[in-house]
>>> print(open('protein-v3.cif').read())   # mmCIF, C-alpha atoms and all ligand atoms
data_entry
#
loop_
_atom_site.label_atom_id
_atom_site.label_comp_id
_atom_site.auth_asym_id
_atom_site.auth_seq_id
_atom_site.Cartn_x
_atom_site.Cartn_y
_atom_site.Cartn_z
CA MET A 1 82.54 65.25 79.55
CA TYR A 2 82.97 67.97 76.99
CA ARG A 3 84.09 71.57 76.98
CA HIS A 4 82.81 74.11 74.53
CA ALA A 5 84.78 77.20 73.69
CA GLU A 6 81.97 79.73 73.66
CA GLY A 7 82.31 82.24 70.88
CA ALA A 8 85.73 80.98 69.90
CA VAL A 9 86.38 81.33 66.20
CA ALA A 10 89.08 79.02 64.98
CA ARG A 11 91.06 79.99 61.93
CA SER A 12 91.38 76.39 61.02
CA THR A 13 89.61 73.15 61.82
CA SER A 14 92.89 71.32 62.14
CA PRO A 15 92.84 69.14 65.24
CA VAL A 16 95.93 71.02 66.46
CA LEU A 17 93.91 74.22 66.73
CA CYS A 18 90.87 72.49 68.13
CA LEU A 19 92.72 71.39 71.26
CA ASN A 20 90.58 73.45 73.63
CA ARG A 21 87.41 71.96 72.23
CA MET A 22 88.43 68.32 72.14
CA PRO A 23 86.84 65.80 74.46
CA GLN A 24 88.71 66.14 77.73
CA ASN A 25 89.88 62.60 77.83
CA MET A 26 91.38 62.82 74.35
CA GLY A 27 95.06 63.63 73.98
CA MET A 28 97.14 64.40 70.91
CA ASP A 29 100.06 62.69 69.34
CA HIS A 30 103.10 64.55 68.02
CA ARG A 31 101.28 65.36 64.73
CA GLY A 32 98.39 66.97 66.58
CA MET A 33 96.07 64.08 65.80
CA PRO A 34 93.82 62.50 68.42
CA ASP A 35 95.82 59.80 70.21
CA THR A 36 92.68 57.82 70.95
CA VAL A 37 90.45 56.07 68.47
CA TYR A 38 87.08 57.63 69.13
CA THR A 39 84.30 55.70 67.44
CA ILE A 40 81.00 57.40 66.76
CA SER A 41 79.26 54.97 69.14
CA ARG A 42 81.58 55.92 71.99
CA PHE A 43 81.19 59.61 71.20
CA ILE A 44 77.39 59.46 71.07
CA LEU A 45 77.25 57.46 74.29
CA GLU A 46 79.60 59.76 76.17
CA HIS A 47 77.74 62.87 75.03
CA GLN A 48 74.18 61.84 75.67
CA PRO A 49 72.41 63.89 78.34
CA PRO A 50 72.32 62.18 81.75
CA GLU A 51 68.54 61.76 81.55
CA ALA A 52 68.68 60.09 78.11
CA ARG A 53 66.66 56.90 77.83
CA GLY A 54 68.53 55.64 74.84
CA GLU A 55 65.83 56.37 72.25
CA PHE A 56 67.56 59.40 70.81
CA THR A 57 71.04 57.91 71.18
CA ASN A 58 69.94 54.87 69.23
CA LEU A 59 68.44 57.08 66.53
CA LEU A 60 71.90 58.48 65.89
CA TYR A 61 73.37 54.97 65.69
CA ASP A 62 70.68 54.18 63.12
CA VAL A 63 71.74 57.21 61.06
CA ALA A 64 75.32 55.93 61.09
CA LEU A 65 74.16 52.50 59.99
CA ALA A 66 72.09 53.95 57.14
CA ALA A 67 75.09 56.02 56.10
CA LYS A 68 77.29 52.92 55.88
CA LEU A 69 74.73 51.02 53.81
CA ILE A 70 74.24 53.91 51.40
CA ALA A 71 78.01 54.51 51.20
CA GLN A 72 78.54 50.89 50.32
CA LYS A 73 76.28 51.35 47.29
CA THR A 74 77.52 54.76 46.24
CA THR A 75 81.14 53.60 46.14
CA ARG A 76 80.11 50.69 43.91
CA ALA A 77 77.71 52.67 41.76
CA GLY A 78 79.71 52.37 38.57
CA LEU A 79 80.39 48.69 39.18
CA VAL A 80 77.08 47.15 39.93
CA ASP A 81 75.06 48.64 37.13
CA ILE A 82 72.82 50.36 39.60
CA LEU A 83 72.46 53.47 37.51
CA GLY A 84 69.52 54.03 35.25
CA ASP A 85 65.89 54.81 35.57
CA ALA A 86 63.95 53.48 38.51
CA GLY A 87 61.79 50.64 37.35
CA GLY A 88 64.04 49.59 34.45
CA VAL A 89 65.39 46.05 34.18
CA ASN A 90 69.14 45.46 34.30
CA VAL A 91 71.18 42.75 32.59
CA GLN A 92 70.73 40.34 35.48
CA GLY A 93 67.00 40.72 35.06
CA GLU A 94 66.78 42.42 38.44
CA LEU A 95 64.79 45.56 38.86
CA GLN A 96 67.09 48.53 38.56
CA LYS A 97 66.85 51.18 41.16
CA LYS A 98 68.29 54.59 40.87
CA LEU A 99 70.61 55.28 43.72
CA ASP A 100 68.32 57.90 45.22
CA VAL A 101 65.42 55.46 45.29
CA TYR A 102 67.71 52.89 46.90
CA ALA A 103 68.90 55.40 49.52
CA ASP A 104 65.32 56.38 50.29
CA ASP A 105 64.42 52.73 50.75
CA ILE A 106 67.35 52.14 53.09
CA MET A 107 66.39 55.10 55.25
CA PHE A 108 62.79 53.94 55.47
CA ARG A 109 63.66 50.34 56.24
CA ILE A 110 66.21 51.23 58.90
CA PHE A 111 63.87 53.56 60.73
CA ASP A 112 60.32 52.22 60.30
CA HIS A 113 60.41 49.46 62.91
CA THR A 114 62.70 50.82 65.63
CA GLY A 115 60.00 52.24 67.87
CA ARG A 116 61.90 55.50 68.01
CA LEU A 117 59.94 57.49 65.40
CA CYS A 118 56.36 58.64 65.08
CA ALA A 119 56.74 59.89 61.50
CA MET A 120 59.16 60.49 58.68
CA ALA A 121 59.25 62.70 55.61
CA SER A 122 61.53 62.26 52.64
CA GLU A 123 62.35 64.46 49.70
CA GLU A 124 61.65 61.40 47.56
CA ARG A 125 58.08 60.86 48.80
CA GLU A 126 55.01 62.97 48.42
CA GLY A 127 53.33 62.79 51.81
CA VAL A 128 54.19 62.24 55.46
CA ILE A 129 55.46 58.70 56.04
CA PRO A 130 53.59 57.20 58.97
CA ILE A 131 55.13 54.44 61.07
CA PRO A 132 53.33 51.20 60.10
CA GLU A 133 50.68 50.06 62.61
CA ARG A 134 52.49 46.81 63.30
CA PHE A 135 55.45 48.65 64.81
CA GLU A 136 55.73 50.64 68.00
CA LYS A 137 55.48 54.40 67.73
CA GLY A 138 58.28 56.56 69.16
CA SER A 139 58.82 60.17 70.18
CA TYR A 140 60.83 61.57 67.28
CA VAL A 141 60.29 62.70 63.71
CA LEU A 142 62.90 62.18 60.99
CA VAL A 143 63.08 64.33 57.87
CA TYR A 144 65.62 63.50 55.19
CA ASP A 145 66.89 64.00 51.71
CA PRO A 146 68.21 60.49 51.05
CA LEU A 147 70.59 61.38 48.24
CA ASP A 148 71.08 65.03 47.55
CA GLY A 149 72.82 66.03 44.35
CA SER A 150 71.94 62.71 42.78
CA SER A 151 72.29 64.15 39.28
CA ASN A 152 76.02 64.01 40.03
CA VAL A 153 76.03 60.22 40.50
CA ASP A 154 76.48 59.56 36.80
CA VAL A 155 79.69 61.59 36.76
CA ASN A 156 81.16 60.25 40.00
CA VAL A 157 80.95 63.52 41.89
CA SER A 158 80.36 63.70 45.65
CA ILE A 159 76.78 63.44 46.87
CA GLY A 160 75.20 63.33 50.30
CA THR A 161 72.35 62.49 52.65
CA ILE A 162 70.85 65.26 54.80
CA PHE A 163 68.73 64.62 57.90
CA GLY A 164 66.94 66.45 60.68
CA ILE A 165 65.28 65.15 63.85
CA PHE A 166 62.35 66.81 65.64
CA ARG A 167 60.31 65.78 68.65
CA CYS A 168 56.88 64.33 67.98
CA ARG A 169 54.03 66.83 68.48
CA ASP A 170 50.92 64.88 67.66
CA TRP A 171 50.54 61.95 70.03
CA GLN A 172 47.17 60.88 68.64
CA THR A 173 48.10 59.88 65.11
CA ARG A 174 50.98 58.14 63.43
CA GLY A 175 52.50 60.81 61.34
CA SER A 176 50.59 64.00 60.84
CA LEU A 177 51.63 67.18 59.08
CA GLN A 178 51.81 68.83 62.49
CA ASP A 179 54.71 66.52 63.37
CA VAL A 180 56.65 67.37 60.27
CA LEU A 181 55.97 71.03 59.57
CA GLN A 182 58.21 72.33 62.33
CA PRO A 183 60.65 75.23 62.11
CA GLY A 184 64.38 74.55 62.14
CA ARG A 185 64.57 76.06 65.64
CA SER A 186 62.75 72.97 66.89
CA LEU A 187 65.34 70.56 65.51
CA VAL A 188 66.95 68.45 68.22
CA ALA A 189 69.60 67.14 65.86
CA ALA A 190 70.65 67.49 62.25
CA GLY A 191 73.47 66.43 60.03
CA TYR A 192 74.65 65.08 56.74
CA VAL A 193 76.63 62.27 55.25
CA LEU A 194 79.08 63.11 52.51
CA TYR A 195 79.90 60.36 50.04
CA GLY A 196 83.18 61.69 48.71
CA ALA A 197 86.75 60.49 48.56
CA SER A 198 85.93 59.28 52.07
CA THR A 199 82.51 58.95 53.63
CA MET A 200 81.93 61.47 56.41
CA LEU A 201 79.11 61.86 58.88
CA VAL A 202 78.81 65.37 60.33
CA TYR A 203 76.12 66.10 62.91
CA SER A 204 75.04 68.27 65.79
CA THR A 205 72.69 67.73 68.69
CA GLY A 206 72.96 71.38 69.64
CA GLN A 207 76.34 71.02 71.31
CA GLY A 208 78.67 71.92 68.50
CA VAL A 209 79.25 70.22 65.18
CA HIS A 210 81.31 67.04 65.03
CA GLY A 211 82.62 65.15 62.01
CA PHE A 212 83.41 61.45 61.70
CA THR A 213 85.18 59.71 58.85
CA LEU A 214 84.32 56.15 57.86
CA ASN A 215 87.20 53.74 58.07
CA PRO A 216 86.05 51.25 55.45
CA GLU A 217 88.41 48.54 56.67
CA ILE A 218 86.73 48.25 60.04
CA GLY A 219 83.35 49.71 59.05
CA GLU A 220 83.44 52.33 61.80
CA PHE A 221 83.01 56.09 61.80
CA LEU A 222 85.94 57.60 63.71
CA LEU A 223 85.98 61.10 65.16
CA SER A 224 88.10 63.16 62.77
CA HIS A 225 86.73 66.73 63.05
CA PRO A 226 85.65 67.58 66.60
CA SER A 227 83.92 70.89 67.29
CA ILE A 228 83.94 72.35 63.82
CA ARG A 229 83.74 76.16 63.64
CA LEU A 230 83.46 78.17 60.43
CA PRO A 231 86.96 79.63 60.05
CA GLU A 232 87.83 83.31 59.53
CA PRO A 233 88.75 84.62 57.10
CA PRO A 234 86.43 82.69 54.80
CA ALA A 235 87.96 81.14 51.71
CA TYR A 236 85.15 80.47 49.22
CA TYR A 237 81.85 81.56 47.74
CA SER A 238 79.66 79.07 45.90
CA VAL A 239 76.77 79.78 43.59
CA ASN A 240 75.52 78.73 40.16
CA GLY A 241 76.66 81.87 38.31
CA ALA A 242 74.81 80.83 35.14
CA ARG A 243 71.64 81.93 36.92
CA TYR A 244 72.86 85.56 37.11
CA PRO A 245 70.32 86.91 34.56
CA TYR A 246 67.46 85.59 36.70
CA TRP A 247 68.53 87.18 39.99
CA SER A 248 67.15 90.37 41.54
CA PRO A 249 69.25 93.57 41.43
CA ALA A 250 70.23 93.09 45.09
CA VAL A 251 71.41 89.53 44.57
CA ARG A 252 73.42 90.56 41.51
CA ARG A 253 74.99 93.36 43.50
CA TYR A 254 75.77 90.92 46.29
CA LEU A 255 77.50 88.47 43.96
CA ASP A 256 79.49 91.34 42.44
CA TRP A 257 80.51 92.30 45.98
CA LEU A 258 81.58 88.75 46.77
CA GLU A 259 83.61 88.62 43.58
CA ARG A 260 85.36 91.95 43.68
CA GLY A 261 83.30 94.49 45.58
CA GLU A 262 84.71 97.36 47.53
CA GLY A 263 85.07 96.53 51.17
CA GLY A 264 84.22 92.98 50.17
CA PRO A 265 86.09 89.86 51.13
CA SER A 266 88.77 90.25 48.47
CA SER A 267 90.42 86.96 49.28
CA LEU A 268 87.45 84.76 48.35
CA SER A 269 87.84 82.16 45.63
CA PHE A 270 84.90 80.78 43.71
CA ARG A 271 84.07 77.06 44.01
CA TYR A 272 80.85 75.35 42.94
CA ILE A 273 80.26 71.61 42.76
CA GLY A 274 76.49 71.73 42.34
CA SER A 275 76.07 69.16 45.09
CA LEU A 276 74.82 70.92 48.21
CA VAL A 277 76.36 68.65 50.83
CA ALA A 278 79.76 68.78 49.16
CA ASP A 279 79.63 72.56 48.67
CA PHE A 280 78.44 73.12 52.23
CA HIS A 281 81.02 70.75 53.69
CA ARG A 282 83.92 72.44 51.95
CA ASN A 283 82.76 75.86 53.08
CA LEU A 284 82.17 74.62 56.62
CA LEU A 285 85.77 73.49 56.88
CA LYS A 286 87.36 76.37 54.97
CA GLY A 287 84.93 79.22 55.60
CA GLY A 288 82.69 80.84 53.01
CA ILE A 289 79.17 81.15 51.72
CA PHE A 290 76.87 79.02 49.61
CA CYS A 291 73.98 80.76 47.83
CA TYR A 292 70.96 79.47 45.96
CA PRO A 293 68.98 82.72 45.58
CA ALA A 294 65.43 83.40 44.43
CA GLU A 295 65.06 83.73 40.65
CA ARG A 296 62.69 85.66 38.42
CA ASP A 297 60.58 82.61 37.62
CA ARG A 298 61.44 80.71 40.81
CA PRO A 299 60.79 83.14 43.68
CA ASP A 300 61.45 80.40 46.22
CA GLY A 301 64.69 79.24 44.66
CA LYS A 302 65.38 75.55 44.23
CA LEU A 303 66.29 74.00 47.55
CA ARG A 304 63.85 72.50 50.02
CA LEU A 305 63.32 74.10 53.42
CA LEU A 306 62.63 70.95 55.38
CA TYR A 307 65.11 68.47 53.97
CA GLU A 308 67.99 70.69 52.90
CA ALA A 309 68.01 74.27 54.15
CA ALA A 310 66.84 73.82 57.78
CA PRO A 311 69.16 70.94 58.78
CA LEU A 312 72.18 72.67 57.25
CA ALA A 313 71.15 75.98 58.85
CA PHE A 314 71.12 74.20 62.22
CA LEU A 315 74.70 73.03 61.59
CA ALA A 316 75.80 76.44 60.33
CA GLU A 317 74.55 78.18 63.50
CA GLN A 318 76.13 75.51 65.67
CA ALA A 319 79.42 76.17 63.88
CA GLY A 320 79.20 79.92 64.54
CA GLY A 321 77.65 80.78 61.16
CA TYR A 322 74.22 81.71 59.90
CA ALA A 323 71.67 80.86 57.20
CA SER A 324 69.02 83.14 55.74
CA ASP A 325 66.49 83.24 52.91
CA GLY A 326 67.74 86.78 52.30
CA ARG A 327 65.35 88.37 54.79
CA ARG A 328 64.90 86.01 57.75
CA ALA A 329 66.81 83.28 59.50
CA ILE A 330 66.11 79.93 57.86
CA LEU A 331 65.70 78.40 61.32
CA ASP A 332 62.75 80.73 62.06
CA LEU A 333 60.76 79.75 58.98
CA VAL A 334 57.79 77.48 59.62
CA PRO A 335 57.20 75.28 56.58
CA ALA A 336 53.71 75.60 55.13
CA SER A 337 54.07 72.43 53.08
CA LEU A 338 56.34 69.42 53.01
CA HIS A 339 58.25 70.20 49.85
CA GLN A 340 58.40 73.98 50.22
CA ARG A 341 61.39 75.57 48.53
CA VAL A 342 63.38 78.47 49.91
CA PRO A 343 66.18 80.79 48.76
CA LEU A 344 69.34 80.00 50.71
CA PHE A 345 72.39 81.99 51.82
CA ILE A 346 74.47 79.96 54.27
CA GLY A 347 77.94 80.28 55.72
CA ASN A 348 80.00 82.76 57.75
CA ARG A 349 77.60 85.08 59.52
CA TRP A 350 78.91 88.42 58.22
CA LEU A 351 78.79 87.21 54.62
CA VAL A 352 75.16 86.12 55.00
CA GLU A 353 74.21 89.35 56.78
CA LYS A 354 75.66 91.38 53.91
CA ALA A 355 73.24 89.58 51.55
CA GLU A 356 70.35 90.44 53.90
CA GLU A 357 71.43 94.06 54.04
CA LEU A 358 71.53 94.47 50.26
CA ILE A 359 68.24 92.65 49.75
CA ARG A 360 66.59 94.82 52.40
CA ARG A 361 67.95 97.97 50.77
CA LEU A 362 67.63 97.24 47.04
CA ASP A 363 64.85 94.71 46.43
P1 LIG W 401 68.35 67.53 44.08
O1 LIG W 401 67.69 67.50 45.45
O2 LIG W 401 67.41 67.24 42.96
O3 LIG W 401 69.58 66.68 44.06
O4 LIG W 401 68.77 69.07 43.80
C1 LIG W 401 69.51 69.73 44.76
C2 LIG W 401 70.86 70.06 44.21
C3 LIG W 401 71.80 70.53 45.29
O5 LIG W 401 72.60 69.47 45.75
C4 LIG W 401 72.62 71.57 44.60
O6 LIG W 401 73.05 72.55 45.50
C5 LIG W 401 71.68 72.14 43.58
O7 LIG W 401 70.72 71.13 43.32
C6 LIG W 401 72.37 72.49 42.34
O8 LIG W 401 71.47 73.08 41.46
P2 LIG W 401 71.96 73.74 40.06
O9 LIG W 401 72.30 72.59 39.19
O10 LIG W 401 70.77 74.50 39.59
O11 LIG W 401 73.12 74.62 40.35
MG MG W 402 68.05 67.40 47.38
#
>>> encode(input="protein-v3.cif", output="structure tokens")
Amino acid sequence: MYRHAEGAVARSTSPVLCLNRMPQNMGMDHRGMPDTVYTISRFILEHQPPEARGEFTNLLYDVALAAKLIAQKTTRAGLVDILGDAGGVNVQGELQKKLDVYADDIMFRIFDHTGRLCAMASEEREGVIPIPERFEKGSYVLVYDPLDGSSNVDVNVSIGTIFGIFRCRDWQTRGSLQDVLQPGRSLVAAGYVLYGASTMLVYSTGQGVHGFTLNPEIGEFLLSHPSIRLPEPPAYYSVNGARYPYWSPAVRRYLDWLERGEGGPSSLSFRYIGSLVADFHRNLLKGGIFCYPAERDRPDGKLRLLYEAAPLAFLAEQAGGYASDGRRAILDLVPASLHQRVPLFIGNRWLVEKAEELIRRLD
């Protein structure tokens, strides 16, 4: 079925250099591109474990469907007057919905009745989302940030959806905190959808990270980035530098090191979009680190452990990288509450470990 190059660190994610990690039955054409059209459905089907009963496989199809529906709206955002405050009335007299409310609704409506979930949790909603009594209850838990970086919608900058899937823990009730407050190590799958120049779905089920690009003409996600590994040397560091005055001495020292420090990665360029999925995606393909550190008045930083940090940490580790809150692996943190925030350093392992070292020594 599929070969994994253990420990291999590619310098590039170009399909040419990913040859040894491509599906075995996929060849290359003269440009080094896959010579077979590999749809996401075919890929998911061919890579499901032999004992799979279809429940999990179908969950991934549902994610792809949700991605297409949300992408359809995001690409038309400026056209259909969908922007504005939730609850406002647009010129057609229809209720306006902000795109993030729309995306949240899509996610809920795609997943509530499938019989594959026992609970959901969304960055947009306060509590655990139970599966309605009238629908069958399944064995998985879905956590998601329906539209991350949504403040960028108004200015037509890339945004994304982030998701994570756990196994159900509480078989008695329909959606308890116990189901949802699981550490990233318990994720069985995670991924994101990037609504950019193209729409991409990137996910992992613990067997490497694979990226698919939506072909809008046929409405299919096609395998475009098999077995992504964080390249060496890394190319970028990403952080909101305007927050410098609020960082601890160690974090300041770390950012100085990234920028120009002795023994530091002198080749790094600075890039910051302010849209986590887009910043993470670029660094995943080109190598680098994204930081959202703790601040003087925000000791837990800004990003959410459950919906943002843990799923991306799962991908980072699967791609040969690492994610930390500055002291511990993000994947080891057990959330104490649904919307818990956490400082985040994520990217090439040695860059993240340098942040941990300085924080341990200086803070
Ligand atoms: P959101 O969940 O309200 O969209 O906020 C999360 C976003 C991330 O996408 C991004 O990394 C971060 O906020 C940017 O924050 P800042 O504007 O402080 O740099
Ligand atoms: Mg978010």
>>> closest_residue(input="protein-v3.cif", among="A:Gly208, A:Gly160, A:Pro132, A:Pro245", to="ligand MG 402 (chain W)", atoms="only C-alpha atoms and all ligand atoms")
A:Gly160
>>> residues_near_point(input="protein-v3.cif", point="(64.4, 51.7, 65.1)", cutoff="12 Å", atoms="only C-alpha atoms", output="ChimeraX atom specification")
/A:54-63,65-66,107-119,131,135-142
>>> write_last_selection(input="protein-v3.cif", atoms="C-alpha atoms", output="PDB file, in the coordinates of the input")
ATOM      1  CA  GLY A  54      68.530  55.640  74.840  1.00  0.00           C
ATOM      2  CA  GLU A  55      65.830  56.370  72.250  1.00  0.00           C
ATOM      3  CA  PHE A  56      67.560  59.400  70.810  1.00  0.00           C
ATOM      4  CA  THR A  57      71.040  57.910  71.180  1.00  0.00           C
ATOM      5  CA  ASN A  58      69.940  54.870  69.230  1.00  0.00           C
ATOM      6  CA  LEU A  59      68.440  57.080  66.530  1.00  0.00           C
ATOM      7  CA  LEU A  60      71.900  58.480  65.890  1.00  0.00           C
ATOM      8  CA  TYR A  61      73.370  54.970  65.690  1.00  0.00           C
ATOM      9  CA  ASP A  62      70.680  54.180  63.120  1.00  0.00           C
ATOM     10  CA  VAL A  63      71.740  57.210  61.060  1.00  0.00           C
ATOM     11  CA  LEU A  65      74.160  52.500  59.990  1.00  0.00           C
ATOM     12  CA  ALA A  66      72.090  53.950  57.140  1.00  0.00           C
ATOM     13  CA  MET A 107      66.390  55.100  55.250  1.00  0.00           C
ATOM     14  CA  PHE A 108      62.790  53.940  55.470  1.00  0.00           C
ATOM     15  CA  ARG A 109      63.660  50.340  56.240  1.00  0.00           C
ATOM     16  CA  ILE A 110      66.210  51.230  58.900  1.00  0.00           C
ATOM     17  CA  PHE A 111      63.870  53.560  60.730  1.00  0.00           C
ATOM     18  CA  ASP A 112      60.320  52.220  60.300  1.00  0.00           C
ATOM     19  CA  HIS A 113      60.410  49.460  62.910  1.00  0.00           C
ATOM     20  CA  THR A 114      62.700  50.820  65.630  1.00  0.00           C
ATOM     21  CA  GLY A 115      60.000  52.240  67.870  1.00  0.00           C
ATOM     22  CA  ARG A 116      61.900  55.500  68.010  1.00  0.00           C
ATOM     23  CA  LEU A 117      59.940  57.490  65.400  1.00  0.00           C
ATOM     24  CA  CYS A 118      56.360  58.640  65.080  1.00  0.00           C
ATOM     25  CA  ALA A 119      56.740  59.890  61.500  1.00  0.00           C
ATOM     26  CA  ILE A 131      55.130  54.440  61.070  1.00  0.00           C
ATOM     27  CA  PHE A 135      55.450  48.650  64.810  1.00  0.00           C
ATOM     28  CA  GLU A 136      55.730  50.640  68.000  1.00  0.00           C
ATOM     29  CA  LYS A 137      55.480  54.400  67.730  1.00  0.00           C
ATOM     30  CA  GLY A 138      58.280  56.560  69.160  1.00  0.00           C
ATOM     31  CA  SER A 139      58.820  60.170  70.180  1.00  0.00           C
ATOM     32  CA  TYR A 140      60.830  61.570  67.280  1.00  0.00           C
ATOM     33  CA  VAL A 141      60.290  62.700  63.710  1.00  0.00           C
ATOM     34  CA  LEU A 142      62.900  62.180  60.990  1.00  0.00           C
TER      35      LEU A 142
END
>>> residues_near_ligand(input="protein-v3.cif", ligand="ligand LIG 401 (chain W)", cutoff="10 Å", atoms="all atoms listed in the file", output="MDAnalysis selection string")
chainID A and resid 100 123:124 145:153 158:161 238:243 272:280 290:292 301:304 307:308 344
>>> residues_around(input="protein-v3.cif", residues="Val334 in chain A", least_positions_apart="2", cutoff="8 Å", atoms="only C-alpha atoms", output="VMD selection string")
chain A and resid 181 to 184 332 336
>>> closest_residue(input="protein-v3.cif", among="A:Ala319, A:Leu331, A:Ala103, A:Ala197", to="Arg185 in chain A", atoms="all atoms listed in the file")
A:Leu331
>>> residues_near_point(input="protein-v3.cif", point="(72.5, 95.3, 51.1)", cutoff="10 Å", atoms="only C-alpha atoms", output="MDAnalysis selection string")
chainID A and resid 250:251 253:254 257 326 353:363
>>> closest_residue(input="protein-v3.cif", among="A:Leu351, A:Cys168, A:Ala310, A:Ile162", to="ligand MG 402 (chain W)", atoms="all atoms listed in the file")
A:Ile162
>>> closest_residue(input="protein-v3.cif", among="A:Ile330, A:Ile165, A:Leu305, A:Ile70", to="ligand MG 402 (chain W)", atoms="only C-alpha atoms and all ligand atoms")
A:Leu305
>>> atom_distance(input="protein-v3.cif", atom1="CA of Val188 in chain A", atom2="CA of Val143 in chain A")
11.8 Å
>>> closest_residue(input="protein-v3.cif", among="A:Thr36, A:Asn215, A:Gln48, A:Thr173", to="Lys68 in chain A", atoms="only C-alpha atoms")
A:Asn215
>>> closest_residue(input="protein-v3.cif", among="A:Gly211, A:Pro311, A:Gly287, A:Gly347", to="ligand MG 402 (chain W)", atoms="only C-alpha atoms and all ligand atoms")
A:Pro311
>>> residues_around(input="protein-v3.cif", residues="Trp350 in chain A", least_positions_apart="5", cutoff="12 Å", atoms="only C-alpha atoms", output="ChimeraX atom specification")
/A:230,232-234,258,264-265,287-289,320-324,345,355-357
>>> atom_distance(input="protein-v3.cif", atom1="CA of Tyr246 in chain A", atom2="CA of Pro343 in chain A")
13.0 Å
>>> atom_distance(input="protein-v3.cif", atom1="CA of Ser186 in chain A", atom2="CA of Ala316 in chain A")
15.0 Å
